[in-house]
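Here's upload_14.cif, which has mmCIF, C-alpha atoms and all ligand atoms:
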```cif
data_entry
#
loop_
_atom_site.label_atom_id
_atom_site.label_comp_id
_atom_site.auth_asym_id
_atom_site.auth_seq_id
_atom_site.Cartn_x
_atom_site.Cartn_y
_atom_site.Cartn_z
CA MET B 1 38.55 45.87 -54.85
CA ALA B 2 35.82 44.51 -52.59
CA ALA B 3 34.29 47.07 -50.23
CA PRO B 4 35.39 46.53 -46.60
CA GLY B 5 32.80 44.70 -44.50
CA PRO B 6 30.86 46.54 -41.81
CA VAL B 7 32.87 47.61 -38.78
CA VAL B 8 29.82 47.37 -36.53
CA GLU B 9 27.04 45.03 -37.60
CA PHE B 10 23.46 46.23 -37.18
CA TYR B 11 22.61 43.01 -35.34
CA ARG B 12 24.39 39.85 -34.18
CA HIS B 13 22.43 36.88 -32.88
CA GLN B 14 23.60 34.96 -29.83
CA LEU B 15 22.60 31.43 -30.73
CA GLY B 16 25.39 29.15 -29.54
CA GLU B 17 26.20 25.79 -28.02
CA GLU B 18 23.07 25.53 -25.89
CA GLU B 19 20.79 26.14 -28.86
CA ALA B 20 22.85 23.75 -31.00
CA ALA B 21 22.52 21.01 -28.35
CA SER B 22 18.79 21.61 -28.07
CA PHE B 23 18.42 21.45 -31.86
CA ARG B 24 20.45 18.23 -31.94
CA ARG B 25 18.21 16.70 -29.29
CA VAL B 26 15.17 17.35 -31.48
CA LEU B 27 16.95 15.98 -34.56
CA ASP B 28 17.39 12.76 -32.61
CA SER B 29 13.69 12.62 -31.72
CA LEU B 30 10.66 11.51 -33.71
CA PHE B 31 8.98 14.85 -34.32
CA LEU B 32 10.43 17.77 -36.28
CA ALA B 33 7.37 19.89 -37.05
CA LEU B 34 4.36 20.63 -34.82
CA GLY B 35 5.03 18.52 -31.75
CA PRO B 36 6.10 18.44 -28.11
CA GLU B 37 8.87 21.06 -28.35
CA VAL B 38 6.39 23.63 -29.64
CA ALA B 39 4.04 22.76 -26.78
CA ALA B 40 6.88 23.08 -24.23
CA PHE B 41 7.97 26.44 -25.64
CA GLU B 42 4.38 27.71 -25.59
CA HIS B 43 4.12 26.74 -21.94
CA GLU B 44 7.45 28.40 -21.06
CA MET B 45 6.59 31.59 -22.92
CA GLY B 46 3.22 31.73 -21.13
CA ALA B 47 5.07 31.44 -17.80
CA PHE B 48 7.49 34.19 -18.86
CA LEU B 49 4.61 36.54 -19.59
CA VAL B 50 3.39 36.27 -15.96
CA ARG B 51 6.89 36.36 -14.39
CA GLY B 52 6.91 37.86 -10.91
CA ARG B 53 3.11 37.81 -10.62
CA ARG B 54 2.49 35.36 -7.83
CA GLY B 55 -0.26 32.85 -8.63
CA ALA B 56 -1.17 34.59 -11.89
CA GLU B 57 -2.80 32.53 -14.61
CA PRO B 58 -0.57 32.57 -17.72
CA PRO B 59 -2.05 33.42 -21.11
CA THR B 60 -2.35 30.66 -23.69
CA VAL B 61 0.48 30.86 -26.22
CA VAL B 62 0.20 29.50 -29.76
CA GLY B 63 3.44 29.21 -31.78
CA THR B 64 3.33 30.41 -35.39
CA SER B 65 5.67 30.51 -38.36
CA SER B 66 6.04 34.30 -38.07
CA CYS B 67 4.46 37.36 -36.51
CA SER B 68 3.05 38.20 -39.94
CA MET B 69 1.07 34.96 -40.08
CA GLY B 70 0.21 35.26 -36.38
CA LEU B 71 -1.42 38.65 -36.97
CA LEU B 72 -3.47 37.24 -39.84
CA ILE B 73 -4.56 34.19 -37.84
CA ALA B 74 -5.45 36.32 -34.82
CA LEU B 75 -7.65 38.59 -36.95
CA ARG B 76 -9.31 35.58 -38.59
CA ALA B 77 -9.90 33.90 -35.22
CA LEU B 78 -11.65 37.09 -34.08
CA ASP B 79 -13.84 36.97 -37.21
CA VAL B 80 -12.40 40.16 -38.68
CA GLY B 81 -13.09 40.00 -42.41
CA PRO B 82 -14.59 41.62 -45.49
CA GLY B 83 -16.52 44.80 -44.79
CA ASP B 84 -14.64 45.44 -41.52
CA GLU B 85 -12.20 48.24 -40.77
CA VAL B 86 -9.23 47.89 -38.42
CA ILE B 87 -7.59 51.02 -37.06
CA THR B 88 -3.81 50.82 -37.06
CA THR B 89 -0.62 52.84 -37.27
CA PRO B 90 1.53 53.83 -40.24
CA MET B 91 4.63 53.61 -38.00
CA THR B 92 5.17 49.90 -38.55
CA PHE B 93 6.41 47.21 -40.86
CA ALA B 94 4.24 46.27 -43.84
CA SER B 95 3.03 43.05 -42.16
CA THR B 96 0.66 44.91 -39.85
CA ALA B 97 -1.39 46.34 -42.69
CA HIS B 98 -0.88 43.24 -44.85
CA ALA B 99 -2.51 41.10 -42.16
CA VAL B 100 -5.62 43.28 -42.19
CA LEU B 101 -5.78 43.24 -46.00
CA LEU B 102 -5.17 39.49 -46.20
CA ALA B 103 -8.02 38.94 -43.74
CA GLY B 104 -10.18 40.77 -46.29
CA ALA B 105 -10.65 43.87 -44.10
CA THR B 106 -9.51 47.47 -44.58
CA PRO B 107 -6.71 49.09 -42.56
CA VAL B 108 -7.50 52.62 -41.41
CA LEU B 109 -4.28 54.45 -40.58
CA VAL B 110 -4.22 57.08 -37.85
CA ASP B 111 -1.47 59.32 -36.58
CA VAL B 112 0.97 58.65 -33.75
CA GLU B 113 2.19 60.45 -30.62
CA PRO B 114 5.19 62.68 -31.37
CA ALA B 115 7.20 61.68 -28.29
CA THR B 116 7.04 57.92 -28.83
CA GLY B 117 5.79 57.18 -32.33
CA LEU B 118 3.06 55.02 -30.77
CA ILE B 119 -0.53 55.02 -32.03
CA ASP B 120 -2.41 58.00 -30.55
CA PRO B 121 -5.55 56.88 -28.66
CA ASP B 122 -7.29 60.22 -29.42
CA CYS B 123 -6.74 59.64 -33.14
CA VAL B 124 -8.08 56.09 -32.75
CA ARG B 125 -11.25 57.35 -31.11
CA ALA B 126 -11.75 59.97 -33.81
CA ALA B 127 -11.40 57.38 -36.60
CA ILE B 128 -14.08 54.97 -35.32
CA GLY B 129 -16.94 54.56 -37.74
CA PRO B 130 -19.83 52.12 -38.32
CA ARG B 131 -17.53 49.53 -39.94
CA THR B 132 -14.77 49.61 -37.32
CA ARG B 133 -14.23 46.13 -35.84
CA GLY B 134 -10.83 46.37 -34.24
CA ILE B 135 -7.68 48.20 -33.23
CA LEU B 136 -4.20 46.95 -34.12
CA PRO B 137 -1.61 48.89 -32.08
CA VAL B 138 2.11 48.31 -32.61
CA HIS B 139 4.49 48.32 -29.63
CA LEU B 140 7.05 50.31 -31.60
CA TYR B 141 10.77 49.72 -30.82
CA GLY B 142 9.62 47.75 -27.74
CA GLN B 143 7.53 50.43 -25.98
CA LEU B 144 4.05 49.28 -25.05
CA ALA B 145 1.29 51.38 -26.62
CA ASP B 146 -1.16 52.98 -24.20
CA MET B 147 -3.12 49.76 -23.75
CA ARG B 148 -5.26 51.04 -20.89
CA ALA B 149 -6.57 53.89 -23.05
CA LEU B 150 -7.01 51.61 -26.07
CA ARG B 151 -8.87 48.98 -24.03
CA ARG B 152 -11.25 51.64 -22.70
CA ILE B 153 -11.99 52.77 -26.25
CA ALA B 154 -12.44 49.17 -27.43
CA ASP B 155 -14.80 48.37 -24.56
CA ASP B 156 -16.85 51.56 -25.14
CA ARG B 157 -17.26 50.74 -28.80
CA GLY B 158 -17.33 46.93 -28.81
CA LEU B 159 -14.03 46.50 -30.68
CA VAL B 160 -11.37 43.79 -30.57
CA ILE B 161 -7.65 44.52 -30.09
CA VAL B 162 -4.81 42.59 -31.68
CA GLU B 163 -1.42 43.82 -30.43
CA ASP B 164 1.52 43.78 -32.84
CA SER B 165 4.21 42.91 -30.32
CA ALA B 166 6.84 41.97 -32.91
CA HIS B 167 9.33 44.20 -31.08
CA GLY B 168 9.39 42.25 -27.88
CA VAL B 169 7.99 40.03 -25.17
CA GLU B 170 9.58 42.00 -22.31
CA MET B 171 7.71 45.29 -22.19
CA GLU B 172 5.52 46.60 -19.39
CA ARG B 173 3.73 49.93 -18.90
CA ASP B 174 1.46 50.91 -15.99
CA GLY B 175 1.59 47.26 -14.88
CA VAL B 176 0.38 46.06 -18.30
CA ARG B 177 2.24 43.56 -20.48
CA PRO B 178 1.58 42.35 -24.03
CA GLY B 179 -1.49 40.12 -24.11
CA ASP B 180 -2.88 41.43 -20.80
CA LEU B 181 -5.48 43.77 -22.29
CA GLY B 182 -5.51 42.88 -25.98
CA ASP B 183 -7.68 40.03 -27.24
CA ALA B 184 -4.43 38.66 -28.66
CA ALA B 185 -0.79 39.81 -28.79
CA VAL B 186 1.52 38.57 -31.52
CA PHE B 187 5.30 38.20 -31.19
CA SER B 188 8.10 37.80 -33.74
CA PHE B 189 11.15 35.59 -33.47
CA TYR B 190 12.62 36.86 -36.75
CA ALA B 191 16.41 36.97 -37.09
CA THR B 192 16.90 40.45 -35.57
CA LYS B 193 14.54 40.04 -32.63
CA ASN B 194 15.53 39.71 -28.97
CA ILE B 195 14.84 36.00 -29.04
CA THR B 196 15.06 34.34 -32.40
CA CYS B 197 14.94 31.11 -34.37
CA GLY B 198 15.51 32.77 -37.77
CA ASP B 199 11.80 33.04 -38.50
CA GLY B 200 9.00 32.27 -36.07
CA GLY B 201 6.30 33.86 -33.97
CA ALA B 202 3.66 33.31 -31.31
CA ILE B 203 0.26 34.56 -30.27
CA ALA B 204 -0.66 35.09 -26.60
CA THR B 205 -4.30 35.29 -25.61
CA ARG B 206 -6.23 35.34 -22.37
CA ARG B 207 -9.39 34.34 -24.20
CA ARG B 208 -9.19 30.57 -23.79
CA GLU B 209 -11.95 29.96 -26.32
CA LEU B 210 -9.84 31.63 -29.01
CA SER B 211 -6.83 29.40 -28.56
CA GLU B 212 -8.41 26.31 -30.06
CA ARG B 213 -9.32 28.25 -33.18
CA LEU B 214 -5.85 29.79 -33.35
CA ARG B 215 -4.33 26.30 -33.21
CA ARG B 216 -6.64 25.10 -35.95
CA LEU B 217 -6.06 28.10 -38.20
CA ARG B 218 -2.26 27.71 -38.00
CA ASN B 219 -2.60 24.08 -39.11
CA HIS B 220 -4.73 24.13 -42.30
CA GLY B 221 -8.03 24.37 -40.40
CA MET B 222 -7.52 20.72 -39.45
CA SER B 223 -9.54 19.07 -36.71
CA ARG B 224 -6.56 17.25 -35.12
CA ALA B 225 -2.83 17.78 -35.73
CA ALA B 226 -0.63 14.82 -36.75
CA THR B 227 1.14 14.64 -33.39
CA GLU B 228 -2.22 14.59 -31.59
CA ARG B 229 -3.21 11.61 -33.74
CA HIS B 230 0.10 9.77 -33.28
CA GLY B 231 -0.24 6.46 -31.46
CA ASP B 232 -4.03 6.36 -31.71
CA PRO B 233 -5.85 3.87 -33.92
CA TYR B 234 -6.42 5.51 -37.30
CA ARG B 235 -9.34 7.88 -37.39
CA HIS B 236 -10.14 10.26 -40.23
CA TRP B 237 -9.26 13.87 -39.60
CA ASP B 238 -11.26 16.67 -41.14
CA ILE B 239 -10.74 20.18 -42.46
CA VAL B 240 -13.32 22.27 -40.69
CA GLU B 241 -12.43 25.72 -41.99
CA LEU B 242 -10.11 27.57 -44.36
CA GLY B 243 -6.71 27.60 -42.65
CA TYR B 244 -3.01 28.22 -43.23
CA LYS B 245 0.25 26.32 -42.89
CA ALA B 246 1.65 28.68 -40.29
CA ASN B 247 2.82 26.75 -37.24
CA LEU B 248 6.07 27.05 -35.33
CA THR B 249 8.09 23.83 -35.68
CA ASP B 250 9.81 21.65 -33.08
CA LEU B 251 13.18 22.50 -34.64
CA GLU B 252 12.49 26.21 -34.21
CA ALA B 253 11.11 25.75 -30.70
CA ALA B 254 14.30 23.86 -29.83
CA LEU B 255 16.30 26.98 -30.73
CA LEU B 256 13.97 29.27 -28.80
CA ARG B 257 13.64 27.35 -25.54
CA PRO B 258 17.15 27.95 -24.12
CA GLN B 259 16.81 31.68 -24.85
CA VAL B 260 13.80 32.15 -22.56
CA ALA B 261 16.08 31.99 -19.51
CA TRP B 262 18.16 34.89 -20.88
CA ILE B 263 15.39 37.26 -21.90
CA GLU B 264 15.56 39.52 -18.85
CA SER B 265 19.33 39.72 -18.43
CA ARG B 266 19.76 40.45 -22.13
CA ARG B 267 17.10 43.17 -21.92
CA ALA B 268 18.99 44.71 -18.99
CA ARG B 269 22.19 44.75 -21.07
CA ARG B 270 20.39 46.47 -23.99
CA GLU B 271 18.85 48.95 -21.52
CA ALA B 272 22.32 49.84 -20.24
CA LEU B 273 23.63 50.20 -23.79
CA ALA B 274 20.66 52.37 -24.77
CA ARG B 275 21.24 54.67 -21.78
CA ARG B 276 24.92 54.85 -22.70
CA TYR B 277 24.02 55.74 -26.30
CA GLU B 278 21.79 58.55 -25.07
CA ALA B 279 24.50 60.02 -22.85
CA ARG B 280 27.33 59.63 -25.37
CA LEU B 281 25.32 60.90 -28.32
CA ARG B 282 24.32 64.03 -26.39
CA GLU B 283 27.98 64.62 -25.54
CA ALA B 284 29.33 63.98 -29.03
CA VAL B 285 26.67 65.57 -31.26
CA PRO B 286 26.10 69.23 -30.34
CA ALA B 287 22.77 69.36 -32.22
CA LEU B 288 21.29 66.66 -29.97
CA ARG B 289 21.68 68.92 -26.92
CA GLY B 290 19.48 71.62 -28.46
CA PRO B 291 15.80 71.65 -29.32
CA ALA B 292 14.79 69.21 -32.05
CA PRO B 293 13.83 70.76 -35.39
CA SER B 294 10.18 69.83 -35.00
CA GLU B 295 7.05 71.93 -34.97
CA ARG B 296 5.14 68.87 -33.80
CA GLY B 297 7.26 67.90 -30.82
CA VAL B 298 9.18 64.96 -32.28
CA PRO B 299 12.33 64.66 -30.09
CA TRP B 300 15.89 63.82 -31.17
CA LEU B 301 15.85 60.66 -29.05
CA VAL B 302 12.86 58.58 -27.96
CA GLU B 303 12.40 58.32 -24.20
CA PRO B 304 10.37 55.10 -23.73
CA ARG B 305 7.31 55.01 -21.53
CA GLY B 306 7.54 52.23 -18.94
CA THR B 307 9.85 49.27 -19.51
CA SER B 308 10.84 48.96 -23.14
CA SER B 309 12.08 45.70 -24.61
CA ARG B 310 14.79 47.90 -26.20
CA ASN B 311 14.57 46.00 -29.47
CA LEU B 312 15.61 49.07 -31.49
CA PHE B 313 17.56 52.21 -30.66
CA THR B 314 16.21 55.05 -32.71
CA LEU B 315 17.47 58.53 -33.39
CA HIS B 316 15.56 61.24 -35.24
CA ALA B 317 17.90 63.10 -37.62
CA PRO B 318 16.85 66.29 -39.41
CA ALA B 319 14.56 65.13 -42.25
CA LEU B 320 16.48 66.66 -45.12
CA ARG B 321 19.77 65.21 -43.89
CA ARG B 322 18.60 61.75 -42.83
CA ASP B 323 19.55 59.94 -46.02
CA ALA B 324 22.97 61.64 -46.20
CA ILE B 325 23.61 60.59 -42.59
CA LEU B 326 22.58 57.00 -43.40
CA ALA B 327 24.95 57.01 -46.40
CA SER B 328 27.79 58.39 -44.31
CA LEU B 329 27.27 55.77 -41.58
CA GLY B 330 27.16 53.06 -44.24
CA ALA B 331 30.42 54.31 -45.76
CA GLU B 332 32.03 54.06 -42.31
CA GLY B 333 30.87 50.47 -41.93
CA ILE B 334 28.15 51.11 -39.38
CA GLY B 335 25.05 48.95 -39.86
CA THR B 336 21.81 50.93 -39.75
CA ALA B 337 18.11 50.47 -40.50
CA VAL B 338 15.05 52.68 -40.86
CA ASN B 339 12.17 51.62 -38.59
CA PHE B 340 10.09 52.80 -40.30
CA ARG B 341 9.11 55.01 -43.21
CA ALA B 342 5.39 55.70 -42.70
CA ILE B 343 3.77 52.83 -44.60
CA HIS B 344 1.25 54.94 -46.52
CA ARG B 345 4.25 56.38 -48.37
CA LEU B 346 5.33 52.94 -49.65
CA ALA B 347 4.28 52.25 -53.25
CA TYR B 348 1.70 49.51 -52.66
CA PHE B 349 -0.07 51.23 -49.79
CA ALA B 350 0.10 54.62 -51.53
CA ALA B 351 -1.68 53.02 -54.50
CA THR B 352 -4.28 51.10 -52.49
CA LEU B 353 -5.04 52.91 -49.22
CA GLY B 354 -5.49 56.39 -50.69
CA VAL B 355 -3.95 58.21 -47.70
CA PRO B 356 -2.50 61.42 -49.17
CA ARG B 357 0.87 62.84 -48.24
CA GLY B 358 0.45 65.20 -45.31
CA ALA B 359 -2.59 63.40 -43.88
CA LEU B 360 -0.64 61.84 -40.98
CA PRO B 361 1.96 64.52 -40.33
CA ILE B 362 3.58 63.16 -37.18
CA ALA B 363 4.11 59.68 -38.59
CA GLU B 364 5.45 61.21 -41.79
CA GLU B 365 7.90 63.40 -39.89
CA ILE B 366 9.13 60.48 -37.79
CA GLY B 367 9.36 58.30 -40.91
CA ASP B 368 11.46 60.93 -42.67
CA ARG B 369 13.80 61.38 -39.70
CA THR B 370 14.30 57.90 -38.26
CA ILE B 371 17.62 56.05 -38.08
CA SER B 372 18.09 52.84 -36.03
CA LEU B 373 21.58 52.18 -34.67
CA PRO B 374 23.13 48.82 -33.69
CA LEU B 375 21.77 47.53 -30.36
CA TYR B 376 22.24 43.99 -29.06
CA PRO B 377 23.74 42.43 -25.94
CA THR B 378 27.11 41.54 -27.53
CA LEU B 379 27.66 45.08 -28.82
CA THR B 380 30.80 46.23 -27.01
CA GLU B 381 31.33 49.69 -25.57
CA ASP B 382 34.23 50.15 -28.03
CA GLU B 383 31.89 49.35 -30.91
CA GLN B 384 29.30 51.69 -29.47
CA ASP B 385 31.91 54.45 -29.28
CA LEU B 386 32.73 53.86 -32.97
CA VAL B 387 29.02 54.26 -33.78
CA VAL B 388 28.73 57.46 -31.72
CA ALA B 389 31.85 58.97 -33.34
CA ALA B 390 30.54 58.07 -36.79
CA VAL B 391 27.15 59.65 -35.99
CA ALA B 392 28.92 62.83 -34.84
CA ARG B 393 30.92 63.01 -38.08
CA ALA B 394 27.83 62.23 -40.17
CA PHE B 395 25.84 65.01 -38.50
CA ALA B 396 28.73 67.45 -39.02
CA ASP B 397 29.29 66.44 -42.67
CA ALA B 398 25.61 66.54 -43.52
CA GLY B 399 25.73 70.27 -42.70
C1 LIG K 1 6.25 45.96 -36.21
C2 LIG K 1 6.39 44.66 -36.92
N1 LIG K 1 5.31 43.89 -37.13
C3 LIG K 1 5.39 42.70 -37.73
C4 LIG K 1 6.59 42.21 -38.19
C5 LIG K 1 6.63 40.89 -38.87
O1 LIG K 1 7.35 39.94 -38.14
P1 LIG K 1 7.75 38.56 -38.82
O2 LIG K 1 9.00 38.80 -39.61
O3 LIG K 1 7.98 37.63 -37.66
O4 LIG K 1 6.64 38.13 -39.67
C6 LIG K 1 7.75 42.96 -38.01
C7 LIG K 1 9.02 42.44 -38.50
O5 LIG K 1 10.08 42.85 -38.21
C8 LIG K 1 7.65 44.22 -37.36
O6 LIG K 1 8.73 44.98 -37.17
#
```

Translate the structure of the given file into structure tokens.
Ligand SMILES: Cc1ncc(COP(=O)(O)O)c(C=O)c1O
Amino acid sequence: MAAPGPVVEFYRHQLGEEEAASFRRVLDSLFLALGPEVAAFEHEMGAFLVRGRRGAEPPTVVGTSSCSMGLLIALRALDVGPGDEVITTPMTFASTAHAVLLAGATPVLVDVEPATGLIDPDCVRAAIGPRTRGILPVHLYGQLADMRALRRIADDRGLVIVEDSAHGVEMERDGVRPGDLGDAAVFSFYATKNITCGDGGAIATRRRELSERLRRLRNHGMSRAATERHGDPYRHWDIVELGYKANLTDLEAALLRPQVAWIESRRARREALARRYEARLREAVPALRGPAPSERGVPWLVEPRGTSSRNLFTLHAPALRRDAILASLGAEGIGTAVNFRAIHRLAYFAATLGVPRGALPIAEEIGDRTISLPLYPTLTEDEQDLVVAAVARAFADAG
């Protein structure tokens, strides 16, 4: 007998009629790949990033095929390469460290703050050496890292900052948004993100001189893209540097553009759901009302600093019971994820980075305890109550 499907999906996208109509409009046009829809989306995303700031200059936005490729292109555009070290966090998806390695540089992992799981600026400062070229913070779950502290460190030591902002475009902390203080911030429009086209990404930068290079690197290192050449008398194009095929396409931009108008109201809905989770979980799971089982100060529930994009709702279970709780939730049809196991514990990084177990204790503890629960605007309160009840049973069953 087939297993019953999930009762509550981990994520459900909201692409509908508006996105379908927008996609259809592009199908009926001349360009499908890197063309006017990408340019329009880049412009609209730039405007979104300065929303509410009267007269503010928007950053330049460059659409990419993914956040993963955006991170790599941003590092390359900043001339990070062989012989360089980039300080980053183990509390992330593999792409963050992959980007550094693929640029030919070496990721140096440092520990995170217990309360948030965000890269710890004191650990960053302590890890700076003669080969350090940059810092790559990750805005984990949608909380902005302490960009003011990181920018101060970068300025003191002449470093660049690339922000991994895969978990949102909406966040703000101490008046700072993604791309405000970093040399570049990179977003993801992967299938489970707050705005999505299946796979896609973008880079925001306030360094105008970088944007031309970013555009070239995403398009093979080519001097002029095909749509820029269209309609002109033929002229030879050139390849002026080693590049990638890593652009956003017009078809993807067509799916993204209608979603920009909904970003803030959908964030507000996830915020309300996250607050409701916190209250209901504390009511239903007695353990969550007591002190967390942590010598290092890792809490049961993460209280975001500033405005979080609320891309992920994360709970920290007791380490030894985490996997049993995940199994129990799975058996009840509740979709879950783990964001993330500390990456130096994953086979490839364990074999290549040489960071021993125990070296980054806070990240390891969070990685051993993390469970992400379903969180998206169409999640109903009834579904949320099913999740909370299942979490309560899972905690009780797991002893
Ligand atoms: C923190 C983080 N960085 C980077 C990525 C890579 O994003 P993409 O799938 O758009 O390449 C992800 C993907 O989920 C992520 O969670």

(message) Measuring between only C-alpha atoms, which one of B:Ala20, B:Ala127, B:Leu75, B:Met222 shows the shortest distance to Ile161 of chain B?
(response) B:Leu75

(request) Select all residues near (30.9, 55.2, -43.0) (cut-off 10 Å, inclusive, file coordinates), counting only C-alpha atoms, and output them as a ChimeraX atom specification. (result) /B:6-7,325-335,387,390-391,393-394

Tell me, as a compact mmCIF listing (two decimals) with C-alpha atoms, in the coordinates of the input, which residues lie within 8 Å of Ser309 of chain B, counting all atoms listed in the file; anything in the same chain fewer than 6 positions away does not count.
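Result written to result.txt:
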```
# COMPACT_ATOMS: atom_id res chain seq x y z
CA TYR B 141 10.77 49.72 -30.82
CA GLY B 142 9.62 47.75 -27.74
CA GLN B 143 7.53 50.43 -25.98
CA HIS B 167 9.33 44.20 -31.08
CA GLY B 168 9.39 42.25 -27.88
CA VAL B 169 7.99 40.03 -25.17
CA GLU B 170 9.58 42.00 -22.31
CA MET B 171 7.71 45.29 -22.19
CA ARG B 267 17.10 43.17 -21.92
```

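We find atom CA of Ala56 of chain B and atom CA of Arg177 of chain B to be spaced 12.9 Å apart.
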
(message) Report, in Å with one decimal, the straight-line distance from atom CA of Leu312 of chain B to atom CA of Phe10 of chain B.
(response)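 Value for the atom CA of Leu312 of chain B-atom CA of Phe10 of chain B distance: 10.1 Å.
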
(request) Give the residue list for ligand LIG 1 (chain K) at 6 Å, counting all atoms listed in the file, as a list in words, sorted by chain and then by residue number. (result) Ser66, Cys67, Ser68, Thr92, Phe93, Ser95, Thr96, Val138, Asp164, Ala166, Ser188, Phe189, Tyr190, Gly200 and Gly201 of chain B

Would you mind exporting the chosen residues as a PDB file, keeping the file's coordinate frame, restricted to C-alpha atoms?
```pdb
ATOM      1  CA  SER B  66       6.040  34.300 -38.070  1.00  0.00           C
ATOM      2  CA  CYS B  67       4.460  37.360 -36.510  1.00  0.00           C
ATOM      3  CA  SER B  68       3.050  38.200 -39.940  1.00  0.00           C
ATOM      4  CA  THR B  92       5.170  49.900 -38.550  1.00  0.00           C
ATOM      5  CA  PHE B  93       6.410  47.210 -40.860  1.00  0.00           C
ATOM      6  CA  SER B  95       3.030  43.050 -42.160  1.00  0.00           C
ATOM      7  CA  THR B  96       0.660  44.910 -39.850  1.00  0.00           C
ATOM      8  CA  VAL B 138       2.110  48.310 -32.610  1.00  0.00           C
ATOM      9  CA  ASP B 164       1.520  43.780 -32.840  1.00  0.00           C
ATOM     10  CA  ALA B 166       6.840  41.970 -32.910  1.00  0.00           C
ATOM     11  CA  SER B 188       8.100  37.800 -33.740  1.00  0.00           C
ATOM     12  CA  PHE B 189      11.150  35.590 -33.470  1.00  0.00           C
ATOM     13  CA  TYR B 190      12.620  36.860 -36.750  1.00  0.00           C
ATOM     14  CA  GLY B 200       9.000  32.270 -36.070  1.00  0.00           C
ATOM     15  CA  GLY B 201       6.300  33.860 -33.970  1.00  0.00           C
TER      16      GLY B 201
END
```

(request) Give me, please, the distance in Å between atom CA of Ala254 of chain B and atom CA of Asn219 of chain B, quoted to one decimal. (result) 19.3 Å

(message) Need the shell around Leu136 of chain B: protein/DNA/RNA residues with any atom at most 10 Å away, counting all atoms listed in the file. Skip same-chain ones fewer than 2 positions apart. Format as a PyMOL selection string?
(response) chain B and resi 71+75+86-89+96-97+100+107-109+119+134+138-139+150+160-164+182+184-185

(message) Taking only C-alpha atoms into account, name the residue in B:Ala268, B:Val8, B:Ala204, B:Asp368 that is nearest to Ala47 of chain B.
(response)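 For Ala47 of chain B, the nearest of the given residues is B:Ala204.
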
(request) For each of B:Thr352, B:Gln14, B:Gln259, B:Thr370, take the minimum atom-to-atom distance to Phe313 of chain B, counting only C-alpha atoms, then give the residue where this is smallest. (result) B:Thr370

(message) Measuring between all atoms listed in the file, which one of B:Leu242, B:Met91, B:Val124, B:Ala272 shows the shortest distance to Ala103 of chain B?
(response) B:Leu242

(message) Considering only C-alpha atoms, can you say which of B:Asp146, B:Glu364, B:Asp250, B:Glu278 comes closest to Leu346 of chain B?
(response) B:Glu364

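Between Gly179 of chain B and the residues B:Arg125, B:Arg207, B:Glu264, B:Ser22, the shortest atom-to-atom distance, using all atoms listed in the file, involves B:Arg207.
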
(request) Would you mind listing what lies within 10 Å of Val355 of chain B as a list in words, with all atoms listed in the file counted and same-chain residues fewer than 3 positions away left out? (result) Val108, Leu109, Val110, Ile343, His344, Arg345, Phe349, Ala350, Ala351, Thr352, Gly358, Ala359 and Leu360 of chain B
